[in-house]
$ cat work_1.csv   # CSV, C-alpha atoms
chain,number,residue,atom,x,y,z
A,89,MET,CA,-0.4,144.3,-38.3
A,90,LYS,CA,-3.0,143.0,-35.9
A,91,SER,CA,-2.3,145.9,-33.6
A,92,SER,CA,-2.9,148.5,-36.4
A,93,LYS,CA,-6.2,146.8,-37.3
A,94,LEU,CA,-7.3,146.8,-33.6
A,95,GLN,CA,-6.4,150.5,-33.2
A,96,GLY,CA,-8.4,151.3,-36.3
A,97,SER,CA,-11.4,149.4,-35.0
A,98,ILE,CA,-11.2,151.1,-31.7
A,99,PHE,CA,-11.0,154.5,-33.4
A,100,LYS,CA,-14.1,153.7,-35.5
A,101,ILE,CA,-16.0,152.6,-32.3
A,102,LYS,CA,-15.0,155.9,-30.6
A,103,ILE,CA,-16.2,157.9,-33.6
A,104,LEU,CA,-19.5,156.0,-33.7
A,105,ALA,CA,-19.9,156.4,-29.9
A,106,PHE,CA,-19.2,160.2,-30.2
A,107,ALA,CA,-21.8,160.5,-33.0
A,108,GLY,CA,-24.3,158.6,-31.0
A,109,ILE,CA,-23.8,160.9,-28.0
A,110,LEU,CA,-24.2,163.9,-30.2
A,111,LEU,CA,-27.4,162.4,-31.6
A,112,LEU,CA,-28.8,161.8,-28.1
A,113,ILE,CA,-27.9,165.3,-27.1
A,114,TRP,CA,-29.7,166.7,-30.2
A,115,CYS,CA,-32.7,164.5,-29.7
A,116,GLY,CA,-32.9,165.6,-26.0
A,117,TYR,CA,-32.6,169.2,-26.9
A,118,ARG,CA,-35.4,168.9,-29.5
A,119,LEU,CA,-37.6,167.1,-26.9
A,120,ILE,CA,-37.0,169.8,-24.3
A,121,LYS,CA,-37.5,172.6,-26.8
A,122,THR,CA,-40.8,171.0,-28.1
A,123,GLY,CA,-42.0,170.5,-24.5
A,124,LEU,CA,-41.3,174.1,-23.6
A,125,GLU,CA,-43.0,175.4,-26.8
A,126,GLU,CA,-46.1,173.4,-25.9
A,127,GLN,CA,-46.2,175.1,-22.5
A,128,GLN,CA,-46.1,178.6,-23.9
A,129,ASP,CA,-48.9,180.9,-25.0
A,130,TYR,CA,-49.0,182.4,-28.5
A,131,GLU,CA,-51.1,185.3,-29.7
A,132,PHE,CA,-51.8,187.0,-33.0
A,133,LEU,CA,-54.2,189.2,-34.8
A,134,ALA,CA,-56.1,187.6,-37.8
A,135,VAL,CA,-57.4,190.1,-40.4
A,136,SER,CA,-60.0,189.7,-43.2
A,137,GLU,CA,-59.2,192.2,-45.9
A,138,GLU,CA,-62.7,192.3,-47.4
A,139,GLN,CA,-65.4,190.2,-45.9
A,140,GLU,CA,-66.8,190.5,-42.4
A,141,ILE,CA,-65.9,187.8,-39.9
A,142,PRO,CA,-69.3,186.4,-38.8
A,143,GLN,CA,-70.1,185.7,-35.2
A,144,GLU,CA,-70.5,182.0,-35.9
A,145,PHE,CA,-66.9,181.8,-37.1
A,146,LEU,CA,-65.7,183.5,-33.9
A,147,GLU,CA,-67.6,181.0,-31.9
A,148,GLU,CA,-66.1,178.2,-33.9
A,149,LEU,CA,-62.6,179.6,-33.3
A,150,ALA,CA,-63.2,179.6,-29.5
A,151,GLU,CA,-63.7,175.8,-29.7
A,152,ARG,CA,-60.5,175.0,-31.5
A,153,ARG,CA,-57.7,173.1,-29.7
A,154,GLY,CA,-55.6,175.2,-27.5
A,155,VAL,CA,-57.6,178.5,-28.0
A,156,THR,CA,-58.0,180.4,-24.7
A,157,VAL,CA,-59.1,183.9,-26.0
A,158,VAL,CA,-61.1,185.0,-29.1
A,159,SER,CA,-61.7,188.8,-29.1
A,160,ALA,CA,-63.3,190.8,-31.9
A,161,VAL,CA,-61.6,194.1,-32.9
A,162,LEU,CA,-63.4,197.0,-34.7
A,163,ASP,CA,-61.7,199.6,-36.9
A,164,VAL,CA,-63.3,202.9,-36.1
A,165,PRO,CA,-62.4,205.9,-38.3
A,166,VAL,CA,-62.5,209.0,-36.1
A,167,ARG,CA,-61.5,212.7,-35.9
A,168,LEU,CA,-59.9,213.8,-32.7
A,169,GLU,CA,-59.5,217.4,-31.5
A,170,ILE,CA,-57.0,218.2,-28.7
A,171,GLU,CA,-56.5,221.8,-27.6
A,172,GLY,CA,-57.0,223.3,-31.1
A,173,TYR,CA,-55.2,220.5,-32.9
A,174,ARG,CA,-56.9,217.7,-34.8
A,175,MET,CA,-56.2,214.5,-36.7
A,176,GLU,CA,-58.0,211.7,-38.4
A,177,VAL,CA,-57.1,208.2,-37.3
A,178,THR,CA,-58.5,204.7,-37.4
A,179,ALA,CA,-58.9,203.7,-33.8
A,180,GLU,CA,-59.0,200.1,-32.7
A,181,ALA,CA,-62.0,199.2,-30.5
A,182,VAL,CA,-61.1,196.3,-28.4
A,183,ASP,CA,-62.2,194.3,-25.4
A,184,MET,CA,-60.2,195.9,-22.6
A,185,GLU,CA,-60.4,192.7,-20.5
A,186,THR,CA,-58.8,190.4,-23.1
A,187,PHE,CA,-56.8,192.5,-25.6
A,188,PRO,CA,-53.1,192.7,-24.6
A,189,LEU,CA,-52.8,196.4,-23.8
A,190,HIS,CA,-49.6,196.9,-21.8
A,191,ILE,CA,-50.5,199.9,-19.7
A,192,GLU,CA,-47.6,202.1,-18.5
A,193,GLU,CA,-49.7,204.7,-16.6
A,194,CYS,CA,-53.4,205.3,-16.4
A,195,LEU,CA,-56.2,207.3,-14.7
A,196,THR,CA,-58.8,205.7,-12.3
A,197,GLY,CA,-62.4,205.2,-13.2
A,198,LEU,CA,-63.4,208.2,-11.1
A,199,GLU,CA,-61.0,210.5,-13.0
A,200,THR,CA,-62.4,209.5,-16.4
A,201,GLY,CA,-66.0,210.1,-15.3
A,202,SER,CA,-68.5,209.8,-18.1
A,203,LYS,CA,-66.0,210.6,-20.9
A,204,ILE,CA,-64.9,207.9,-23.3
A,205,PRO,CA,-61.5,206.5,-22.2
A,206,VAL,CA,-58.9,206.8,-25.0
A,207,PHE,CA,-55.8,204.6,-24.7
A,208,PHE,CA,-52.7,206.0,-26.5
A,209,THR,CA,-49.1,205.3,-27.2
A,210,ALA,CA,-46.0,207.5,-27.2
A,211,ARG,CA,-46.5,208.4,-30.9
A,212,SER,CA,-50.3,208.7,-31.0
A,213,LEU,CA,-50.1,212.5,-31.3
A,214,ASP,CA,-47.6,212.6,-34.1
A,215,ASN,CA,-50.1,213.4,-36.9
A,216,LEU,CA,-51.9,216.3,-35.2
A,217,THR,CA,-52.3,219.4,-37.4
A,218,ASP,CA,-53.5,223.0,-36.5
A,219,ARG,CA,-56.5,224.8,-37.9
A,220,TYR,CA,-54.6,225.7,-41.1
A,221,SER,CA,-53.6,222.0,-41.6
A,222,TYR,CA,-49.9,222.6,-40.6
A,223,ALA,CA,-48.3,219.8,-38.8
A,224,ILE,CA,-47.8,220.3,-35.1
A,225,THR,CA,-44.3,221.6,-34.1
A,226,LYS,CA,-41.9,219.3,-32.4
A,227,SER,CA,-41.8,221.5,-29.3
A,228,ARG,CA,-45.6,221.7,-29.0
A,229,LYS,CA,-46.0,218.0,-29.6
A,230,LYS,CA,-43.5,217.2,-26.9
A,231,GLU,CA,-45.3,219.5,-24.5
A,232,LEU,CA,-48.6,217.8,-25.2
A,233,GLN,CA,-47.1,214.3,-24.9
A,234,ASN,CA,-45.7,215.2,-21.5
A,235,ARG,CA,-49.1,216.1,-20.1
A,236,ALA,CA,-51.3,214.0,-22.3
A,237,LEU,CA,-52.6,211.8,-19.6
A,238,GLY,CA,-55.9,213.2,-18.4
A,239,MET,CA,-56.4,215.6,-21.3
A,240,THR,CA,-59.9,216.0,-22.8
A,241,VAL,CA,-60.4,215.2,-26.5
A,242,CYS,CA,-63.3,215.6,-28.7
A,243,ILE,CA,-64.2,212.5,-30.7
A,244,ALA,CA,-66.3,212.5,-33.9
A,245,GLY,CA,-66.8,210.1,-36.7
A,246,ALA,CA,-64.5,210.6,-39.7
A,247,ALA,CA,-67.6,211.0,-41.8
A,248,ALA,CA,-68.8,214.0,-39.9
A,249,GLY,CA,-69.0,217.1,-42.1
A,250,PRO,CA,-67.1,220.3,-41.6
A,251,VAL,CA,-68.4,222.9,-39.2
A,252,LYS,CA,-67.8,226.5,-40.2
A,253,ASP,CA,-66.2,228.6,-37.5
A,254,ALA,CA,-66.3,232.0,-39.2
A,255,ALA,CA,-65.3,234.9,-37.1
A,256,SER,CA,-65.5,238.4,-38.7
A,257,ASP,CA,-63.4,241.3,-37.5
A,258,SER,CA,-64.4,244.9,-37.6
A,259,SER,CA,-63.4,245.3,-41.2
A,260,GLY,CA,-65.7,242.5,-42.2
A,261,ASN,CA,-62.9,240.0,-43.1
A,262,THR,CA,-63.7,236.4,-42.3
A,263,GLU,CA,-61.3,234.1,-40.6
A,264,GLN,CA,-60.6,230.8,-42.5
A,265,ASN,CA,-63.2,228.1,-41.9
A,266,ARG,CA,-62.0,225.2,-39.8
A,267,GLN,CA,-63.2,221.7,-39.2
A,268,VAL,CA,-64.4,221.2,-35.7
A,269,PRO,CA,-65.6,217.7,-34.7
A,270,ALA,CA,-69.0,218.1,-33.1
A,271,GLY,CA,-68.7,214.9,-31.2
A,272,THR,CA,-68.4,213.1,-28.0
A,273,GLU,CA,-66.1,214.0,-25.1
A,274,GLY,CA,-63.2,211.6,-24.5
A,275,ILE,CA,-60.2,211.6,-22.2
A,276,LEU,CA,-56.7,210.3,-22.7
A,277,ALA,CA,-57.0,207.8,-20.0
A,278,ALA,CA,-54.1,205.5,-20.3
A,279,ARG,CA,-50.6,205.4,-21.9
A,280,VAL,CA,-49.8,202.0,-23.3
A,281,ARG,CA,-46.6,200.5,-24.5
A,282,GLY,CA,-45.9,200.7,-28.3
A,283,GLU,CA,-44.4,202.8,-31.0
A,284,ASP,CA,-47.1,202.4,-33.6
A,285,GLY,CA,-49.1,205.5,-32.9
A,286,GLN,CA,-52.2,203.5,-32.4
A,287,ILE,CA,-55.3,204.8,-30.6
A,288,TYR,CA,-57.5,202.3,-28.7
A,289,LEU,CA,-61.2,202.6,-27.5
A,290,SER,CA,-63.3,200.1,-25.7
A,291,TYR,CA,-65.3,197.8,-28.0
A,292,GLU,CA,-68.6,199.2,-26.8
A,293,SER,CA,-67.5,202.8,-27.3
A,294,GLY,CA,-66.3,202.0,-30.8
A,295,ARG,CA,-69.5,200.2,-31.7
A,296,LYS,CA,-71.6,203.2,-30.5
A,297,LEU,CA,-69.5,205.7,-32.5
A,298,LEU,CA,-70.0,203.6,-35.7
A,299,GLU,CA,-73.7,203.3,-35.1
A,300,ALA,CA,-74.0,207.0,-34.5
A,301,GLU,CA,-72.4,207.6,-37.9
A,302,GLY,CA,-74.8,205.2,-39.5
A,303,GLN,CA,-71.9,202.8,-40.4
A,304,ASN,CA,-72.2,199.1,-40.3
A,305,VAL,CA,-70.5,197.4,-37.3
A,306,GLN,CA,-68.3,194.9,-39.1
A,307,VAL,CA,-65.7,192.7,-37.4
A,308,LYS,CA,-62.7,192.2,-39.7
A,309,LYS,CA,-60.1,191.6,-37.1
A,310,VAL,CA,-59.9,189.1,-34.3
A,311,TYR,CA,-57.3,188.7,-31.5
A,312,ILE,CA,-56.5,185.1,-30.7
A,313,LYS,CA,-54.5,183.6,-27.9
A,314,LEU,CA,-53.6,179.9,-27.8
A,315,HIS,CA,-51.7,177.5,-25.6
A,316,GLY,CA,-49.1,175.4,-27.3
A,317,LYS,CA,-47.1,175.9,-30.5
A,318,SER,CA,-48.6,173.0,-32.4
A,319,ALA,CA,-52.1,174.3,-31.8
A,320,ALA,CA,-51.0,177.8,-32.9
A,321,ASP,CA,-49.3,176.6,-36.1
A,322,ALA,CA,-52.3,174.5,-37.0
A,323,LEU,CA,-54.7,177.4,-36.5
A,324,LYS,CA,-52.6,179.8,-38.4
A,325,ASN,CA,-52.4,177.5,-41.4
A,326,SER,CA,-56.2,177.0,-41.2
A,327,LEU,CA,-56.8,180.8,-41.1
A,328,LEU,CA,-54.4,181.5,-43.9
A,329,SER,CA,-56.2,178.9,-46.0
A,330,ALA,CA,-59.5,180.6,-45.3
A,331,GLY,CA,-58.1,183.9,-46.7
A,332,LEU,CA,-57.2,185.7,-43.5
A,333,ARG,CA,-53.7,187.2,-42.9
A,334,MET,CA,-51.7,187.4,-39.7
$ encode --input "work_1.csv" --output "C-alpha coordinates"
Amino acid sequence: MKSSKLQGSIFKIKILAFAGILLLIWCGYRLIKTGLEEQQDYEFLAVSEEQEIPQEFLEELAERRGVTVVSAVLDVPVRLEIEGYRMEVTAEAVDMETFPLHIEECLTGLETGSKIPVFFTARSLDNLTDRYSYAITKSRKKELQNRALGMTVCIAGAAAGPVKDAASDSSGNTEQNRQVPAGTEGILAARVRGEDGQIYLSYESGRKLLEAEGQNVQVKKVYIKLHGKSAADALKNSLLSAGLRM
(Lines of atoms letter the chains of each structure in order from A and count residues from 1; the text may use other names and numbers.)
(Lines give C-alpha, C1' and ligand atoms only; values in the text may rest on other atoms or scores of the structure.)
Protein backbone atom coordinates (compact mmCIF):
# COMPACT_ATOMS: atom_id res chain seq x y z
CA MET A 1 0.00 0.00 0.00
CA LYS A 2 2.76 2.39 0.98
CA SER A 3 4.64 1.41 -2.16
CA SER A 4 1.69 2.38 -4.36
CA LYS A 5 1.34 5.76 -2.67
CA LEU A 6 5.08 6.36 -3.03
CA GLN A 7 5.00 5.51 -6.72
CA GLY A 8 2.03 7.84 -7.18
CA SER A 9 3.88 10.68 -5.49
CA ILE A 10 6.99 10.09 -7.60
CA PHE A 11 4.84 10.12 -10.75
CA LYS A 12 3.25 13.45 -9.74
CA ILE A 13 6.68 14.91 -9.02
CA LYS A 14 7.88 13.81 -12.48
CA ILE A 15 4.84 15.39 -14.13
CA LEU A 16 5.39 18.66 -12.26
CA ALA A 17 9.10 18.61 -13.08
CA PHE A 18 8.37 18.00 -16.77
CA ALA A 19 5.80 20.81 -16.78
CA GLY A 20 8.34 23.08 -15.10
CA ILE A 21 10.95 22.26 -17.72
CA LEU A 22 8.47 23.01 -20.52
CA LEU A 23 7.60 26.33 -18.86
CA LEU A 24 11.28 27.26 -18.61
CA ILE A 25 11.82 26.34 -22.27
CA TRP A 26 8.80 28.41 -23.32
CA CYS A 27 9.91 31.38 -21.21
CA GLY A 28 13.41 31.12 -22.63
CA TYR A 29 12.05 30.99 -26.16
CA ARG A 30 9.91 34.08 -25.53
CA LEU A 31 12.87 35.96 -24.08
CA ILE A 32 15.09 35.06 -27.03
CA LYS A 33 12.34 35.92 -29.54
CA THR A 34 11.66 39.26 -27.86
CA GLY A 35 15.37 40.03 -27.73
CA LEU A 36 15.78 39.28 -31.43
CA GLU A 37 12.73 41.37 -32.33
CA GLU A 38 14.15 44.32 -30.43
CA GLN A 39 17.34 44.07 -32.50
CA GLN A 40 15.52 44.12 -35.85
CA ASP A 41 14.56 47.04 -38.08
CA TYR A 42 10.94 47.59 -39.10
CA GLU A 43 9.62 49.80 -41.90
CA PHE A 44 6.23 50.89 -43.17
CA LEU A 45 4.47 53.54 -45.21
CA ALA A 46 1.99 55.73 -43.31
CA VAL A 47 -0.73 57.33 -45.45
CA SER A 48 -3.13 60.19 -44.77
CA GLU A 49 -6.25 59.77 -46.92
CA GLU A 50 -7.34 63.41 -46.91
CA GLN A 51 -5.29 65.92 -44.95
CA GLU A 52 -1.73 66.92 -45.71
CA ILE A 53 0.94 65.72 -43.28
CA PRO A 54 2.60 68.92 -41.99
CA GLN A 55 6.36 69.34 -41.72
CA GLU A 56 6.05 69.77 -37.95
CA PHE A 57 4.50 66.32 -37.69
CA LEU A 58 7.36 64.79 -39.70
CA GLU A 59 9.87 66.46 -37.39
CA GLU A 60 8.00 65.11 -34.39
CA LEU A 61 8.05 61.61 -35.86
CA ALA A 62 11.83 61.79 -36.24
CA GLU A 63 12.12 62.30 -32.46
CA ARG A 64 10.07 59.24 -31.53
CA ARG A 65 11.73 56.30 -29.80
CA GLY A 66 13.45 53.91 -32.17
CA VAL A 67 12.86 55.98 -35.32
CA THR A 68 15.88 56.08 -37.63
CA VAL A 69 14.35 57.36 -40.90
CA VAL A 70 11.41 59.65 -41.71
CA SER A 71 11.09 60.31 -45.43
CA ALA A 72 8.27 62.22 -47.14
CA VAL A 73 6.71 60.74 -50.29
CA LEU A 74 4.80 62.68 -52.95
CA ASP A 75 2.11 61.32 -55.29
CA VAL A 76 2.73 62.82 -58.73
CA PRO A 77 0.12 62.19 -61.46
CA VAL A 78 1.98 62.14 -64.79
CA ARG A 79 1.62 61.12 -68.41
CA LEU A 80 4.49 59.18 -69.92
CA GLU A 81 5.20 58.67 -73.61
CA ILE A 82 7.58 55.93 -74.70
CA GLU A 83 8.22 55.28 -78.39
CA GLY A 84 4.71 56.22 -79.48
CA TYR A 85 2.97 54.58 -76.52
CA ARG A 86 1.62 56.47 -73.53
CA MET A 87 0.04 55.96 -70.14
CA GLU A 88 -1.16 57.92 -67.15
CA VAL A 89 0.26 56.86 -63.82
CA THR A 90 0.71 58.23 -60.32
CA ALA A 91 4.44 58.19 -59.74
CA GLU A 92 5.89 58.19 -56.25
CA ALA A 93 8.50 60.91 -55.69
CA VAL A 94 10.85 59.68 -52.98
CA ASP A 95 14.14 60.48 -51.32
CA MET A 96 16.47 58.21 -53.27
CA GLU A 97 18.92 58.11 -50.36
CA THR A 98 16.50 56.79 -47.73
CA PHE A 99 13.55 55.13 -49.50
CA PRO A 100 14.02 51.34 -49.83
CA LEU A 101 14.39 50.93 -53.58
CA HIS A 102 15.98 47.54 -54.27
CA ILE A 103 17.83 48.18 -57.52
CA GLU A 104 18.41 45.23 -59.86
CA GLU A 105 20.23 47.17 -62.59
CA CYS A 106 20.81 50.84 -63.31
CA LEU A 107 22.60 53.42 -65.42
CA THR A 108 25.36 55.69 -64.18
CA GLY A 109 24.95 59.41 -63.60
CA LEU A 110 26.86 60.15 -66.80
CA GLU A 111 24.45 57.99 -68.80
CA THR A 112 21.36 59.78 -67.49
CA GLY A 113 22.76 63.23 -68.21
CA SER A 114 20.28 66.04 -67.61
CA LYS A 115 17.20 63.83 -68.09
CA ILE A 116 14.95 63.04 -65.14
CA PRO A 117 15.81 59.54 -63.86
CA VAL A 118 12.78 57.26 -63.78
CA PHE A 119 12.90 54.09 -61.68
CA PHE A 120 10.61 51.27 -62.83
CA THR A 121 9.61 47.70 -62.03
CA ALA A 122 9.06 44.69 -64.26
CA ARG A 123 5.37 45.60 -64.67
CA SER A 124 5.65 49.37 -65.01
CA LEU A 125 4.91 49.25 -68.76
CA ASP A 126 1.80 47.06 -68.48
CA ASN A 127 -0.70 49.91 -69.01
CA LEU A 128 0.82 51.49 -72.12
CA THR A 129 -1.61 52.25 -74.95
CA ASP A 130 -1.05 53.31 -78.55
CA ARG A 131 -2.27 56.49 -80.21
CA TYR A 132 -5.71 54.96 -80.72
CA SER A 133 -5.95 53.96 -77.02
CA TYR A 134 -5.47 50.26 -77.74
CA ALA A 135 -3.50 48.35 -75.13
CA ILE A 136 0.06 47.49 -76.04
CA THR A 137 0.42 43.95 -77.40
CA LYS A 138 2.16 41.30 -75.31
CA SER A 139 4.97 40.87 -77.84
CA ARG A 140 5.60 44.62 -78.11
CA LYS A 141 5.48 45.05 -74.34
CA LYS A 142 7.99 42.24 -73.85
CA GLU A 143 10.27 43.78 -76.45
CA LEU A 144 10.15 47.17 -74.71
CA GLN A 145 10.70 45.61 -71.28
CA ASN A 146 13.79 43.77 -72.51
CA ARG A 147 15.47 47.00 -73.57
CA ALA A 148 13.73 49.44 -71.23
CA LEU A 149 16.86 50.45 -69.34
CA GLY A 150 18.20 53.62 -70.92
CA MET A 151 15.09 54.40 -72.99
CA THR A 152 14.04 58.05 -73.22
CA VAL A 153 10.55 58.96 -71.98
CA CYS A 154 8.57 62.17 -72.19
CA ILE A 155 7.07 63.19 -68.83
CA ALA A 156 4.17 65.61 -68.52
CA GLY A 157 1.75 66.44 -65.76
CA ALA A 158 -1.50 64.52 -66.00
CA ALA A 159 -3.35 67.86 -66.09
CA ALA A 160 -1.67 68.83 -69.36
CA GLY A 161 -4.18 69.28 -72.16
CA PRO A 162 -4.18 67.35 -75.43
CA VAL A 163 -1.94 68.45 -78.24
CA LYS A 164 -3.42 68.02 -81.72
CA ASP A 165 -1.23 66.12 -84.13
CA ALA A 166 -3.28 66.46 -87.29
CA ALA A 167 -1.57 65.24 -90.42
CA SER A 168 -3.52 65.69 -93.66
CA ASP A 169 -2.96 63.48 -96.66
CA SER A 170 -3.32 64.51 -100.32
CA SER A 171 -7.06 63.93 -100.24
CA GLY A 172 -7.49 66.28 -97.32
CA ASN A 173 -8.34 63.57 -94.80
CA THR A 174 -7.06 64.29 -91.33
CA GLU A 175 -5.44 61.66 -89.15
CA GLN A 176 -6.97 61.13 -85.70
CA ASN A 177 -5.81 63.60 -83.08
CA ARG A 178 -3.57 62.14 -80.40
CA GLN A 179 -2.43 63.31 -77.01
CA VAL A 180 1.25 64.08 -76.94
CA PRO A 181 2.72 65.09 -73.58
CA ALA A 182 4.64 68.28 -74.21
CA GLY A 183 6.80 67.79 -71.19
CA THR A 184 10.21 67.05 -69.77
CA GLU A 185 12.66 64.46 -71.00
CA GLY A 186 13.18 61.54 -68.68
CA ILE A 187 15.12 58.31 -68.91
CA LEU A 188 14.37 54.83 -67.58
CA ALA A 189 17.41 54.84 -65.34
CA ALA A 190 16.95 51.89 -62.98
CA ARG A 191 14.99 48.68 -62.75
CA VAL A 192 13.89 47.99 -59.18
CA ARG A 193 12.51 44.87 -57.55
CA GLY A 194 8.74 44.68 -57.32
CA GLU A 195 5.64 43.45 -59.13
CA ASP A 196 3.36 46.41 -58.46
CA GLY A 197 4.02 48.37 -61.64
CA GLN A 198 5.05 51.45 -59.66
CA ILE A 199 7.03 54.33 -61.17
CA TYR A 200 9.48 56.26 -58.95
CA LEU A 201 11.00 59.73 -59.34
CA SER A 202 13.32 61.65 -57.09
CA TYR A 203 11.54 63.85 -54.54
CA GLU A 204 12.97 67.01 -56.10
CA SER A 205 11.88 66.01 -59.63
CA GLY A 206 8.38 65.22 -58.42
CA ARG A 207 8.12 68.52 -56.57
CA LYS A 208 9.17 70.47 -59.66
CA LEU A 209 6.65 68.62 -61.86
CA LEU A 210 3.82 69.43 -59.45
CA GLU A 211 4.84 73.07 -59.24
CA ALA A 212 5.10 73.32 -63.04
CA GLU A 213 1.48 72.12 -63.25
CA GLY A 214 0.38 74.67 -60.66
CA GLN A 215 -0.51 71.92 -58.19
CA ASN A 216 0.03 72.10 -54.45
CA VAL A 217 2.95 70.07 -53.16
CA GLN A 218 1.20 68.06 -50.46
CA VAL A 219 2.81 65.29 -48.46
CA LYS A 220 0.27 62.58 -47.68
CA LYS A 221 2.64 59.64 -47.38
CA VAL A 222 5.67 59.10 -45.20
CA TYR A 223 8.14 56.23 -45.12
CA ILE A 224 9.26 55.34 -41.60
CA LYS A 225 12.01 53.01 -40.44
CA LEU A 226 12.40 52.02 -36.79
CA HIS A 227 14.64 49.88 -34.63
CA GLY A 228 12.86 47.48 -32.28
CA LYS A 229 9.44 45.83 -32.43
CA SER A 230 8.04 47.52 -29.32
CA ALA A 231 8.86 50.96 -30.74
CA ALA A 232 7.34 50.00 -34.10
CA ASP A 233 4.13 48.68 -32.51
CA ALA A 234 3.79 51.78 -30.32
CA LEU A 235 4.23 54.15 -33.25
CA LYS A 236 1.84 52.21 -35.47
CA ASN A 237 -0.87 52.38 -32.82
CA SER A 238 -0.25 56.10 -32.39
CA LEU A 239 -0.48 56.78 -36.14
CA LEU A 240 -3.62 54.66 -36.51
CA SER A 241 -5.20 56.65 -33.67
CA ALA A 242 -4.27 59.85 -35.53
CA GLY A 243 -6.23 58.66 -38.58
CA LEU A 244 -3.38 57.42 -40.76
CA ARG A 245 -3.35 53.97 -42.33
CA MET A 246 -0.43 51.62 -42.84
$ residues_around --input "work_1.csv" --residues "Met184 (chain A)" --least-positions-apart "4" --cutoff "9 Å" --atoms "all atoms listed in the file" --output "number ranges by chain"
A: 188-189, 289-291
$ atom_distance --input "work_1.csv" --atom1 "CA of Val155 (chain A)" --atom2 "CA of Glu140 (chain A)"
20.9 Å
$ residues_around --input "work_1.csv" --residues "Gly238 (chain A)" --least-positions-apart "3" --cutoff "6 Å" --atoms "all atoms listed in the file" --output "list in words"
Ile275, Leu276 and Ala277 of chain A
$ residues_near_point --input "work_1.csv" --point "(-39.9, 206.1, -22.8)" --cutoff "10 Å" --atoms "all atoms listed in the file" --output "short mmCIF file (atom, residue, chain, number, x, y, z; two decimals) with C-alpha atoms, in the coordinates of the input"
data_model
loop_
_atom_site.label_atom_id
_atom_site.label_comp_id
_atom_site.auth_asym_id
_atom_site.auth_seq_id
_atom_site.Cartn_x
_atom_site.Cartn_y
_atom_site.Cartn_z
CA GLU A 192 -47.60 202.10 -18.50
CA ALA A 210 -46.00 207.50 -27.20
CA ARG A 281 -46.60 200.50 -24.50
CA GLY A 282 -45.90 200.70 -28.30
CA GLU A 283 -44.40 202.80 -31.00
#
$ residues_near_point --input "work_1.csv" --point "(-50.0, 203.1, -34.2)" --cutoff "12 Å" --atoms "only C-alpha atoms" --output "PDB file with C-alpha atoms, keeping the file's coordinate frame"
ATOM      1  CA  VAL A 177     -57.100 208.200 -37.300  1.00  0.00           C
ATOM      2  CA  THR A 178     -58.500 204.700 -37.400  1.00  0.00           C
ATOM      3  CA  ALA A 179     -58.900 203.700 -33.800  1.00  0.00           C
ATOM      4  CA  GLU A 180     -59.000 200.100 -32.700  1.00  0.00           C
ATOM      5  CA  PHE A 207     -55.800 204.600 -24.700  1.00  0.00           C
ATOM      6  CA  PHE A 208     -52.700 206.000 -26.500  1.00  0.00           C
ATOM      7  CA  THR A 209     -49.100 205.300 -27.200  1.00  0.00           C
ATOM      8  CA  ALA A 210     -46.000 207.500 -27.200  1.00  0.00           C
ATOM      9  CA  ARG A 211     -46.500 208.400 -30.900  1.00  0.00           C
ATOM     10  CA  SER A 212     -50.300 208.700 -31.000  1.00  0.00           C
ATOM     11  CA  LEU A 213     -50.100 212.500 -31.300  1.00  0.00           C
ATOM     12  CA  ASP A 214     -47.600 212.600 -34.100  1.00  0.00           C
ATOM     13  CA  ASN A 215     -50.100 213.400 -36.900  1.00  0.00           C
ATOM     14  CA  VAL A 280     -49.800 202.000 -23.300  1.00  0.00           C
ATOM     15  CA  ARG A 281     -46.600 200.500 -24.500  1.00  0.00           C
ATOM     16  CA  GLY A 282     -45.900 200.700 -28.300  1.00  0.00           C
ATOM     17  CA  GLU A 283     -44.400 202.800 -31.000  1.00  0.00           C
ATOM     18  CA  ASP A 284     -47.100 202.400 -33.600  1.00  0.00           C
ATOM     19  CA  GLY A 285     -49.100 205.500 -32.900  1.00  0.00           C
ATOM     20  CA  GLN A 286     -52.200 203.500 -32.400  1.00  0.00           C
ATOM     21  CA  ILE A 287     -55.300 204.800 -30.600  1.00  0.00           C
ATOM     22  CA  TYR A 288     -57.500 202.300 -28.700  1.00  0.00           C
TER      23      TYR A 288
END
$ atom_distance --input "work_1.csv" --atom1 "CA of Thr217 (chain A)" --atom2 "CA of Tyr173 (chain A)"
5.5 Å
$ closest_residue --input "work_1.csv" --among "A:Thr225, A:Asn234, A:Gln306, A:Ser159" --to "Glu138 (chain A)" --atoms "only C-alpha atoms"
A:Gln306
$ closest_residue --input "work_1.csv" --among "A:Glu199, A:Asp218, A:Glu193, A:Glu176" --to "Ala244 (chain A)" --atoms "all atoms listed in the file"
A:Glu176
$ atom_distance --input "work_1.csv" --atom1 "CA of Lys229 (chain A)" --atom2 "CA of Thr272 (chain A)"
23.0 Å
$ closest_residue --input "work_1.csv" --among "A:Tyr311, A:Leu216, A:Ala300, A:Gln139" --to "Gln233 (chain A)" --atoms "only C-alpha atoms"
A:Leu216
$ closest_residue --input "work_1.csv" --among "A:Ile312, A:Leu323, A:Ala134, A:Leu162" --to "Phe187 (chain A)" --atoms "all atoms listed in the file"
A:Ile312
